[in-house]
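Structure file protein-v4.pdb; described as PDB, C-alpha atoms, pLDDT in the B column.
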ATOM      1  CA  MET A   1       0.000   0.000   0.000  1.00 89.00           C
ATOM      2  CA  LYS A   2       2.759   2.388   0.957  1.00 94.00           C
ATOM      3  CA  GLN A   3       4.556   1.634  -2.313  1.00 96.00           C
ATOM      4  CA  LEU A   4       1.398   2.347  -4.282  1.00 96.00           C
ATOM      5  CA  ILE A   5       0.813   5.736  -2.638  1.00 97.00           C
ATOM      6  CA  GLU A   6       4.478   6.634  -2.970  1.00 97.00           C
ATOM      7  CA  TYR A   7       4.454   5.747  -6.646  1.00 98.00           C
ATOM      8  CA  LEU A   8       1.408   7.895  -7.405  1.00 98.00           C
ATOM      9  CA  VAL A   9       2.671  10.880  -5.418  1.00 98.00           C
ATOM     10  CA  LYS A  10       6.105  10.720  -7.067  1.00 97.00           C
ATOM     11  CA  ALA A  11       4.476  10.629 -10.492  1.00 97.00           C
ATOM     12  CA  LEU A  12       2.424  13.732  -9.657  1.00 96.00           C
ATOM     13  CA  VAL A  13       5.178  16.026  -8.381  1.00 97.00           C
ATOM     14  CA  ASP A  14       8.130  17.853  -9.926  1.00 96.00           C
ATOM     15  CA  ALA A  15      10.545  16.840  -7.156  1.00 97.00           C
ATOM     16  CA  PRO A  16      10.020  13.083  -6.613  1.00 97.00           C
ATOM     17  CA  GLU A  17      13.218  12.845  -4.549  1.00 97.00           C
ATOM     18  CA  GLN A  18      11.568  15.004  -1.895  1.00 97.00           C
ATOM     19  CA  VAL A  19       8.542  12.734  -1.514  1.00 97.00           C
ATOM     20  CA  ASP A  20       8.234  10.981   1.809  1.00 97.00           C
ATOM     21  CA  VAL A  21       5.418   8.655   2.822  1.00 97.00           C
ATOM     22  CA  VAL A  22       5.237   7.498   6.433  1.00 97.00           C
ATOM     23  CA  GLU A  23       2.928   4.720   7.530  1.00 96.00           C
ATOM     24  CA  VAL A  24       1.426   5.354  10.960  1.00 96.00           C
ATOM     25  CA  PRO A  25      -0.385   2.257  12.242  1.00 94.00           C
ATOM     26  CA  GLY A  26      -3.395   2.825  14.476  1.00 90.00           C
ATOM     27  CA  ASP A  27      -5.953   0.694  16.319  1.00 87.00           C
ATOM     28  CA  GLU A  28      -8.742   1.240  13.842  1.00 89.00           C
ATOM     29  CA  ALA A  29      -6.993   2.622  10.800  1.00 94.00           C
ATOM     30  CA  THR A  30      -3.605   3.116   9.215  1.00 95.00           C
ATOM     31  CA  THR A  31      -2.654   6.664   8.313  1.00 97.00           C
ATOM     32  CA  PHE A  32      -0.270   7.476   5.497  1.00 97.00           C
ATOM     33  CA  GLU A  33       1.416  10.828   5.973  1.00 97.00           C
ATOM     34  CA  VAL A  34       2.525  12.266   2.668  1.00 98.00           C
ATOM     35  CA  ARG A  35       5.188  14.950   2.563  1.00 97.00           C
ATOM     36  CA  VAL A  36       6.310  16.731  -0.602  1.00 97.00           C
ATOM     37  CA  ALA A  37       8.383  19.786  -1.523  1.00 97.00           C
ATOM     38  CA  PRO A  38       6.486  23.024  -0.694  1.00 96.00           C
ATOM     39  CA  ASP A  39       6.246  23.903  -4.382  1.00 96.00           C
ATOM     40  CA  ASP A  40       4.606  20.548  -5.092  1.00 96.00           C
ATOM     41  CA  LEU A  41       1.824  20.830  -2.504  1.00 96.00           C
ATOM     42  CA  GLY A  42      -0.651  22.165  -5.044  1.00 96.00           C
ATOM     43  CA  LYS A  43       0.058  19.249  -7.360  1.00 95.00           C
ATOM     44  CA  VAL A  44      -0.844  16.572  -4.810  1.00 96.00           C
ATOM     45  CA  ILE A  45      -3.844  18.467  -3.452  1.00 96.00           C
ATOM     46  CA  GLY A  46      -5.295  19.709  -6.733  1.00 94.00           C
ATOM     47  CA  LYS A  47      -8.164  22.111  -7.338  1.00 92.00           C
ATOM     48  CA  GLN A  48     -10.682  21.742  -4.501  1.00 92.00           C
ATOM     49  CA  GLY A  49      -8.637  18.813  -3.216  1.00 94.00           C
ATOM     50  CA  ARG A  50      -9.476  16.735  -6.259  1.00 93.00           C
ATOM     51  CA  ILE A  51      -6.116  14.978  -6.510  1.00 96.00           C
ATOM     52  CA  ALA A  52      -5.812  14.354  -2.770  1.00 97.00           C
ATOM     53  CA  ASN A  53      -9.277  12.827  -2.881  1.00 96.00           C
ATOM     54  CA  ALA A  54      -8.328  10.679  -5.864  1.00 96.00           C
ATOM     55  CA  LEU A  55      -5.350   9.369  -3.852  1.00 97.00           C
ATOM     56  CA  ARG A  56      -7.652   8.597  -0.906  1.00 97.00           C
ATOM     57  CA  THR A  57     -10.144   6.806  -3.148  1.00 96.00           C
ATOM     58  CA  VAL A  58      -7.425   4.552  -4.588  1.00 97.00           C
ATOM     59  CA  ALA A  59      -5.848   3.862  -1.183  1.00 96.00           C
ATOM     60  CA  LYS A  60      -9.236   3.012   0.348  1.00 96.00           C
ATOM     61  CA  ALA A  61     -10.116   0.637  -2.473  1.00 96.00           C
ATOM     62  CA  ALA A  62      -6.752  -1.172  -2.345  1.00 95.00           C
ATOM     63  CA  ALA A  63      -6.946  -1.451   1.471  1.00 94.00           C
ATOM     64  CA  MET A  64     -10.202  -3.388   1.125  1.00 92.00           C
ATOM     65  CA  LYS A  65      -8.078  -6.395   0.203  1.00 92.00           C
ATOM     66  CA  GLU A  66      -6.802  -6.469   3.800  1.00 88.00           C
ATOM     67  CA  LYS A  67     -10.172  -5.243   5.099  1.00 89.00           C
ATOM     68  CA  LYS A  68      -8.272  -2.292   6.519  1.00 89.00           C
ATOM     69  CA  LYS A  69      -9.242   1.321   6.925  1.00 94.00           C
ATOM     70  CA  VAL A  70      -6.753   3.870   5.667  1.00 96.00           C
ATOM     71  CA  TYR A  71      -6.342   7.606   5.751  1.00 96.00           C
ATOM     72  CA  VAL A  72      -4.093   9.627   3.472  1.00 97.00           C
ATOM     73  CA  GLU A  73      -2.962  12.950   4.879  1.00 96.00           C
ATOM     74  CA  ILE A  74      -1.007  15.525   2.957  1.00 96.00           C
ATOM     75  CA  VAL A  75       1.264  17.072   5.578  1.00 93.00           C
ATOM     76  CA  ALA A  76       2.409  20.617   4.881  1.00 82.00           C
TER      77      ALA A  76
ATOM     78  CA  MET B   1       4.226  15.758 -28.434  1.00 64.00           C
ATOM     79  CA  ALA B   2       3.054  12.958 -30.680  1.00 75.00           C
ATOM     80  CA  ASN B   3       0.309  10.698 -29.403  1.00 87.00           C
ATOM     81  CA  GLU B   4       2.556   7.656 -29.812  1.00 89.00           C
ATOM     82  CA  GLU B   5       4.882   9.139 -27.245  1.00 91.00           C
ATOM     83  CA  LEU B   6       1.986   9.866 -24.890  1.00 94.00           C
ATOM     84  CA  LYS B   7       0.710   6.314 -25.291  1.00 94.00           C
ATOM     85  CA  GLN B   8       4.127   5.048 -24.327  1.00 94.00           C
ATOM     86  CA  ARG B   9       4.069   7.319 -21.273  1.00 94.00           C
ATOM     87  CA  ALA B  10       0.594   6.072 -20.307  1.00 96.00           C
ATOM     88  CA  LEU B  11       1.682   2.458 -20.536  1.00 96.00           C
ATOM     89  CA  GLU B  12       4.839   3.154 -18.535  1.00 97.00           C
ATOM     90  CA  PHE B  13       2.768   4.873 -15.852  1.00 97.00           C
ATOM     91  CA  ALA B  14       0.402   1.882 -15.622  1.00 98.00           C
ATOM     92  CA  GLU B  15       3.239  -0.642 -15.587  1.00 98.00           C
ATOM     93  CA  GLY B  16       4.966   1.324 -12.825  1.00 97.00           C
ATOM     94  CA  LEU B  17       1.724   1.343 -10.873  1.00 97.00           C
ATOM     95  CA  ALA B  18       1.360  -2.431 -11.230  1.00 98.00           C
ATOM     96  CA  GLU B  19       4.981  -2.855 -10.144  1.00 97.00           C
ATOM     97  CA  ALA B  20       4.390  -0.693  -7.048  1.00 97.00           C
ATOM     98  CA  ALA B  21       1.310  -2.766  -6.250  1.00 96.00           C
ATOM     99  CA  ARG B  22       3.328  -5.974  -6.617  1.00 97.00           C
ATOM    100  CA  ALA B  23       5.991  -4.553  -4.294  1.00 96.00           C
ATOM    101  CA  GLY B  24       3.146  -4.150  -1.802  1.00 93.00           C
ATOM    102  CA  GLY B  25       2.185  -7.800  -2.179  1.00 95.00           C
ATOM    103  CA  MET B  26      -0.595  -7.472  -4.747  1.00 96.00           C
ATOM    104  CA  ASP B  27      -0.845  -9.635  -7.849  1.00 97.00           C
ATOM    105  CA  ILE B  28      -1.395  -7.026 -10.571  1.00 97.00           C
ATOM    106  CA  THR B  29      -0.079  -6.572 -14.109  1.00 97.00           C
ATOM    107  CA  ALA B  30      -0.841  -3.928 -16.728  1.00 97.00           C
ATOM    108  CA  GLU B  31      -1.420  -4.440 -20.415  1.00 96.00           C
ATOM    109  CA  GLN B  32      -2.576  -2.225 -23.251  1.00 95.00           C
ATOM    110  CA  THR B  33      -5.808  -3.715 -24.562  1.00 94.00           C
ATOM    111  CA  ARG B  34      -6.972  -1.078 -27.019  1.00 91.00           C
ATOM    112  CA  ASP B  35      -5.196   1.371 -29.271  1.00 92.00           C
ATOM    113  CA  GLU B  36      -7.044   4.186 -31.016  1.00 89.00           C
ATOM    114  CA  PRO B  37      -5.755   7.364 -32.692  1.00 87.00           C
ATOM    115  CA  GLU B  38      -6.898   9.580 -29.801  1.00 89.00           C
ATOM    116  CA  GLY B  39      -6.709   7.202 -26.881  1.00 92.00           C
ATOM    117  CA  VAL B  40      -5.639   3.999 -25.252  1.00 94.00           C
ATOM    118  CA  THR B  41      -7.204   1.486 -22.928  1.00 95.00           C
ATOM    119  CA  ILE B  42      -4.927  -0.121 -20.386  1.00 97.00           C
ATOM    120  CA  SER B  43      -6.212  -3.076 -18.407  1.00 97.00           C
ATOM    121  CA  PHE B  44      -5.004  -4.233 -15.039  1.00 97.00           C
ATOM    122  CA  GLN B  45      -5.060  -7.967 -14.662  1.00 97.00           C
ATOM    123  CA  GLY B  46      -4.149 -10.513 -12.025  1.00 97.00           C
ATOM    124  CA  ALA B  47      -5.887 -11.853  -8.929  1.00 97.00           C
ATOM    125  CA  ASP B  48      -5.756  -8.511  -7.076  1.00 97.00           C
ATOM    126  CA  SER B  49      -6.648  -6.190  -9.958  1.00 97.00           C
ATOM    127  CA  ARG B  50     -10.231  -6.013  -8.662  1.00 96.00           C
ATOM    128  CA  TRP B  51      -8.979  -4.032  -5.673  1.00 97.00           C
ATOM    129  CA  LEU B  52      -8.231  -1.154  -8.036  1.00 97.00           C
ATOM    130  CA  ILE B  53     -11.883  -0.795  -9.029  1.00 96.00           C
ATOM    131  CA  GLY B  54     -13.440   0.651  -5.877  1.00 94.00           C
ATOM    132  CA  LYS B  55     -17.081   1.335  -5.185  1.00 90.00           C
ATOM    133  CA  ALA B  56     -18.880   1.877  -8.512  1.00 86.00           C
ATOM    134  CA  GLY B  57     -15.516   2.119 -10.265  1.00 91.00           C
ATOM    135  CA  GLN B  58     -14.452   5.213  -8.322  1.00 92.00           C
ATOM    136  CA  ALA B  59     -10.866   4.051  -7.723  1.00 96.00           C
ATOM    137  CA  LEU B  60     -10.444   3.184 -11.397  1.00 95.00           C
ATOM    138  CA  ASP B  61     -11.775   6.615 -12.356  1.00 93.00           C
ATOM    139  CA  ALA B  62      -9.454   8.257  -9.807  1.00 95.00           C
ATOM    140  CA  LEU B  63      -6.448   6.445 -11.287  1.00 97.00           C
ATOM    141  CA  GLN B  64      -7.577   7.473 -14.751  1.00 94.00           C
ATOM    142  CA  THR B  65      -7.810  11.123 -13.691  1.00 93.00           C
ATOM    143  CA  MET B  66      -4.296  11.019 -12.243  1.00 96.00           C
ATOM    144  CA  ALA B  67      -2.880   9.207 -15.280  1.00 96.00           C
ATOM    145  CA  SER B  68      -4.446  11.734 -17.637  1.00 94.00           C
ATOM    146  CA  LEU B  69      -2.975  14.595 -15.623  1.00 93.00           C
ATOM    147  CA  ILE B  70       0.501  13.056 -15.482  1.00 94.00           C
ATOM    148  CA  VAL B  71       0.680  11.811 -19.058  1.00 94.00           C
ATOM    149  CA  ASN B  72      -0.768  14.914 -20.713  1.00 93.00           C
ATOM    150  CA  ARG B  73       1.306  17.329 -18.648  1.00 89.00           C
ATOM    151  CA  GLN B  74       3.314  19.656 -20.894  1.00 79.00           C
ATOM    152  CA  ALA B  75       1.892  17.933 -23.948  1.00 78.00           C
ATOM    153  CA  GLY B  76       0.466  19.894 -26.830  1.00 75.00           C
ATOM    154  CA  SER B  77      -2.121  17.253 -27.669  1.00 79.00           C
ATOM    155  CA  ARG B  78      -4.377  15.267 -25.420  1.00 87.00           C
ATOM    156  CA  LEU B  79      -4.487  11.518 -25.099  1.00 92.00           C
ATOM    157  CA  TYR B  80      -7.649   9.915 -23.747  1.00 92.00           C
ATOM    158  CA  ILE B  81      -6.740   7.233 -21.253  1.00 94.00           C
ATOM    159  CA  THR B  82      -9.148   4.536 -20.143  1.00 94.00           C
ATOM    160  CA  PHE B  83      -8.210   2.197 -17.336  1.00 96.00           C
ATOM    161  CA  ASP B  84      -9.920  -1.117 -16.847  1.00 96.00           C
ATOM    162  CA  ALA B  85      -9.468  -3.802 -14.233  1.00 97.00           C
ATOM    163  CA  ASP B  86     -10.826  -7.325 -14.069  1.00 94.00           C
ATOM    164  CA  ASN B  87     -13.045  -6.520 -17.087  1.00 93.00           C
ATOM    165  CA  TYR B  88     -15.003  -4.018 -14.977  1.00 95.00           C
ATOM    166  CA  ARG B  89     -15.885  -1.607 -17.795  1.00 93.00           C
ATOM    167  CA  ALA B  90     -17.621  -4.274 -19.885  1.00 90.00           C
ATOM    168  CA  ARG B  91     -19.445  -5.711 -16.868  1.00 93.00           C
ATOM    169  CA  ARG B  92     -20.553  -2.251 -15.781  1.00 93.00           C
ATOM    170  CA  GLU B  93     -21.786  -1.448 -19.272  1.00 92.00           C
ATOM    171  CA  ALA B  94     -23.941  -4.591 -19.294  1.00 95.00           C
ATOM    172  CA  THR B  95     -25.337  -3.665 -15.849  1.00 94.00           C
ATOM    173  CA  LEU B  96     -26.123  -0.123 -16.988  1.00 95.00           C
ATOM    174  CA  HIS B  97     -27.863  -1.404 -20.124  1.00 96.00           C
ATOM    175  CA  LYS B  98     -30.055  -3.702 -18.066  1.00 96.00           C
ATOM    176  CA  MET B  99     -30.841  -0.990 -15.521  1.00 96.00           C
ATOM    177  CA  ALA B 100     -31.614   1.562 -18.245  1.00 96.00           C
ATOM    178  CA  THR B 101     -34.049  -0.789 -19.962  1.00 97.00           C
ATOM    179  CA  GLU B 102     -35.808  -1.696 -16.721  1.00 97.00           C
ATOM    180  CA  ILE B 103     -36.184   1.920 -15.616  1.00 97.00           C
ATOM    181  CA  ALA B 104     -37.353   2.989 -19.078  1.00 97.00           C
ATOM    182  CA  ASP B 105     -40.060   0.309 -18.956  1.00 97.00           C
ATOM    183  CA  GLN B 106     -41.186   1.581 -15.550  1.00 96.00           C
ATOM    184  CA  VAL B 107     -41.255   5.153 -16.841  1.00 97.00           C
ATOM    185  CA  VAL B 108     -43.448   4.099 -19.750  1.00 96.00           C
ATOM    186  CA  SER B 109     -45.860   2.058 -17.637  1.00 95.00           C
ATOM    187  CA  GLY B 110     -46.041   4.604 -14.804  1.00 95.00           C
ATOM    188  CA  GLY B 111     -45.950   7.741 -16.914  1.00 93.00           C
ATOM    189  CA  GLN B 112     -43.576   9.381 -14.421  1.00 95.00           C
ATOM    190  CA  GLU B 113     -40.030  10.445 -15.149  1.00 95.00           C
ATOM    191  CA  ALA B 114     -37.180   8.745 -13.247  1.00 97.00           C
ATOM    192  CA  VAL B 115     -34.172  10.585 -11.814  1.00 97.00           C
ATOM    193  CA  LEU B 116     -30.999   8.480 -11.755  1.00 96.00           C
ATOM    194  CA  ASP B 117     -28.100   8.721  -9.306  1.00 93.00           C
ATOM    195  CA  PRO B 118     -25.228  10.997 -10.339  1.00 92.00           C
ATOM    196  CA  MET B 119     -22.926   9.286 -12.829  1.00 90.00           C
ATOM    197  CA  SER B 120     -19.772  10.120 -14.735  1.00 86.00           C
ATOM    198  CA  ALA B 121     -20.034  11.490 -18.279  1.00 86.00           C
ATOM    199  CA  LEU B 122     -18.945   8.104 -19.606  1.00 84.00           C
ATOM    200  CA  GLU B 123     -21.695   6.246 -17.761  1.00 90.00           C
ATOM    201  CA  ARG B 124     -24.374   8.799 -18.653  1.00 94.00           C
ATOM    202  CA  ARG B 125     -23.405   8.355 -22.291  1.00 92.00           C
ATOM    203  CA  ILE B 126     -23.750   4.576 -21.981  1.00 93.00           C
ATOM    204  CA  VAL B 127     -27.283   4.895 -20.564  1.00 95.00           C
ATOM    205  CA  HIS B 128     -28.245   7.540 -23.094  1.00 94.00           C
ATOM    206  CA  LYS B 129     -26.991   5.424 -25.997  1.00 93.00           C
ATOM    207  CA  ALA B 130     -28.732   2.334 -24.648  1.00 94.00           C
ATOM    208  CA  LEU B 131     -32.060   4.161 -24.873  1.00 96.00           C
ATOM    209  CA  GLN B 132     -31.624   6.430 -27.861  1.00 93.00           C
ATOM    210  CA  ASP B 133     -33.535   4.167 -30.237  1.00 93.00           C
ATOM    211  CA  ARG B 134     -36.628   4.024 -28.058  1.00 94.00           C
ATOM    212  CA  ALA B 135     -39.449   6.268 -29.228  1.00 94.00           C
ATOM    213  CA  ASP B 136     -41.456   5.928 -26.004  1.00 95.00           C
ATOM    214  CA  ILE B 137     -38.960   7.721 -23.725  1.00 96.00           C
ATOM    215  CA  ARG B 138     -36.411  10.554 -23.799  1.00 95.00           C
ATOM    216  CA  THR B 139     -33.283  11.100 -21.708  1.00 96.00           C
ATOM    217  CA  TYR B 140     -31.545  14.266 -20.618  1.00 95.00           C
ATOM    218  CA  SER B 141     -28.920  15.327 -18.072  1.00 96.00           C
ATOM    219  CA  GLU B 142     -29.314  17.858 -15.285  1.00 96.00           C
ATOM    220  CA  GLY B 143     -27.177  19.256 -12.475  1.00 95.00           C
ATOM    221  CA  GLU B 144     -23.525  20.195 -12.269  1.00 93.00           C
ATOM    222  CA  GLU B 145     -20.493  17.883 -12.344  1.00 84.00           C
ATOM    223  CA  PRO B 146     -19.649  15.753 -10.458  1.00 79.00           C
ATOM    224  CA  GLU B 147     -23.293  15.525  -9.351  1.00 91.00           C
ATOM    225  CA  ARG B 148     -24.690  15.601 -12.865  1.00 95.00           C
ATOM    226  CA  TYR B 149     -27.426  13.030 -13.326  1.00 96.00           C
ATOM    227  CA  LEU B 150     -29.600  11.581 -16.038  1.00 96.00           C
ATOM    228  CA  VAL B 151     -33.377  11.779 -16.203  1.00 97.00           C
ATOM    229  CA  ILE B 152     -35.441   9.221 -18.083  1.00 97.00           C
ATOM    230  CA  ALA B 153     -38.807  10.718 -19.008  1.00 96.00           C
ATOM    231  CA  PRO B 154     -41.806   9.635 -21.053  1.00 95.00           C
ATOM    232  CA  ALA B 155     -41.626  10.836 -24.644  1.00 91.00           C
ATOM    233  CA  ILE B 156     -43.413  14.119 -25.249  1.00 79.00           C
ATOM    234  CA  ALA B 157     -46.973  13.340 -26.355  1.00 63.00           C
ATOM    235  CA  LYS B 158     -47.566  14.121 -29.974  1.00 52.00           C
TER     236      LYS B 158
END
Translate the structure described by the file into structure tokens.
Amino acid sequence: MKQLIEYLVKALVDAPEQVDVVEVPGDEATTFEVRVAPDDLGKVIGKQGRIANALRTVAKAAAMKEKKKVYVEIVA
Amino acid sequence: MANEELKQRALEFAEGLAEAARAGGMDITAEQTRDEPEGVTISFQGADSRWLIGKAGQALDALQTMASLIVNRQAGSRLYITFDADNYRARREATLHKMATEIADQVVSGGQEAVLDPMSALERRIVHKALQDRADIRTYSEGEEPERYLVIAPAIAK
């Protein structure tokens, strides 16, 4: 899952080497904290959060395989 | 940029995605299944490809949106990218056809128009095309994206 999110985020940004995805396990859900270069924030969030929501939709669907709940947070 | 180059980019993006999924323990491969002048269809296959579909195909659409953005970035032309997984698009089309016919029959027998749930432009087109040859009903879209929806109404009385 982490690899999948990392791949998508790296493909979206201009500075893939500055992408960092941290998996934070929780009792009920796993959170993926996504960090990118400041100039790339707009690219992973998108207009009205469209891209961030697309990332969440994909992560949620893929996590269904493990019957897990996931959150994707873009950390500024 | 020539479309051939964009198609190559689209396929590379999908293959990279499948590789990332495999690195995460999912059995997924990507393959180009359709090649048209203006677009490509890339299908994800393998036992876990169905986990890329999401509720009502939302994850597949989300991946398609991202792929389109990434592939067409800084490109003069635009390549239309369709993603499929586990034959979802064809199955969904058959479901929509069946649903459209059933609702149209109800509209005719009840005389009342039916308002459908919001659907993507692609799905609205499928329903519209499924019913376009019927003289007893008419279809039209209302509302704003992404909440735009289709209405199936009785044909206007002559």
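The residues that lie within 6 Å of the point (-2.2, 4.9, -25.9), counting all atoms listed in the file, are B:Lys7, B:Asp35, B:Gly39, B:Val40.
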Exercise for review: Can you give me, as a VMD selection string, the residues this file yields under the ChimeraX specification (/A :<12) & /B?
Suggested key: chain B and resid 9 to 10 12 to 28 47 to 73 146
Review point. Got a sec: who's within 8 Å of B:Ile152, counting only C-alpha atoms, leaving out chain neighbours fewer than 5 positions off, as a count of residues only?
Key: 11
Revision key, fill the gap. re atom CA of B:Arg125 and atom CA of B:His97: distance 10.9 Å
Practice item. Give me the result of the PyMOL selection byres ((chain A and resi 31-42) around 8) on this file, residue by residue, as a PyMOL selection string. Key: chain A and resi 2+13-16+18-26+29-30+43-47+70-76
Practice item. With the file shown as input, list the residues that the PyMOL selection byres ((chain B and resi 126) around 12) selects, as a count of residues only. Key: 27
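Those residues that approach B:Glu147 to within 9 Å, counting only C-alpha atoms, are Asp117, Pro118, Met119, Ser120, Glu142, Gly143 and Glu144 of chain B; same-chain residues fewer than 3 positions away are not listed.
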Please determine an axis-aligned box that encloses all atoms of stretch 22-27 of chain A listed in the file, with 3 Å added on each side, and express its centre and edge lengths in Å to one decimal as AutoDock Vina command-line options.
--center_x -0.4 --center_y 4.1 --center_z 11.4 --size_x 17.2 --size_y 12.8 --size_z 15.9
Point to revise | Computed interatomic separation between atom CA of B:Arg134 and atom CA of B:Gly110 (Å) | key: 16.3 Å
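Atom CA of B:Ser43 lies 9.9 Å from atom CA of B:Leu11.
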Check your understanding: When distances are computed from only C-alpha atoms, which of B:Val108, B:Ala75, B:Ala135, B:Val151 shows the smallest separation from B:Glu4?
Key -> B:Ala75
Practice item. Determine, counting all atoms listed in the file, which protein, DNA and RNA residues have an atom within 8 Å of an atom of B:Phe44; residues of the same chain fewer than 6 positions away are not included. Present the result as a ChimeraX atom specification. Key: /B:18,28-31,83-86
Restricted to C-alpha atoms, what would the selected residues look like written as a PDB file, in the frame of the given file?
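Output file out.pdb follows:
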ATOM      1  CA  ALA B  18       1.360  -2.431 -11.230  1.00 98.00           C
ATOM      2  CA  ILE B  28      -1.395  -7.026 -10.571  1.00 97.00           C
ATOM      3  CA  THR B  29      -0.079  -6.572 -14.109  1.00 97.00           C
ATOM      4  CA  ALA B  30      -0.841  -3.928 -16.728  1.00 97.00           C
ATOM      5  CA  GLU B  31      -1.420  -4.440 -20.415  1.00 96.00           C
ATOM      6  CA  PHE B  83      -8.210   2.197 -17.336  1.00 96.00           C
ATOM      7  CA  ASP B  84      -9.920  -1.117 -16.847  1.00 96.00           C
ATOM      8  CA  ALA B  85      -9.468  -3.802 -14.233  1.00 97.00           C
ATOM      9  CA  ASP B  86     -10.826  -7.325 -14.069  1.00 94.00           C
TER      10      ASP B  86
END
Study note, to complete from the structure: Shortest contact to B:Arg34, candidates B:Pro154, B:Asp133, B:Arg91, B:Ile81, atoms counted all atoms listed in the file, goes to B:Ile81
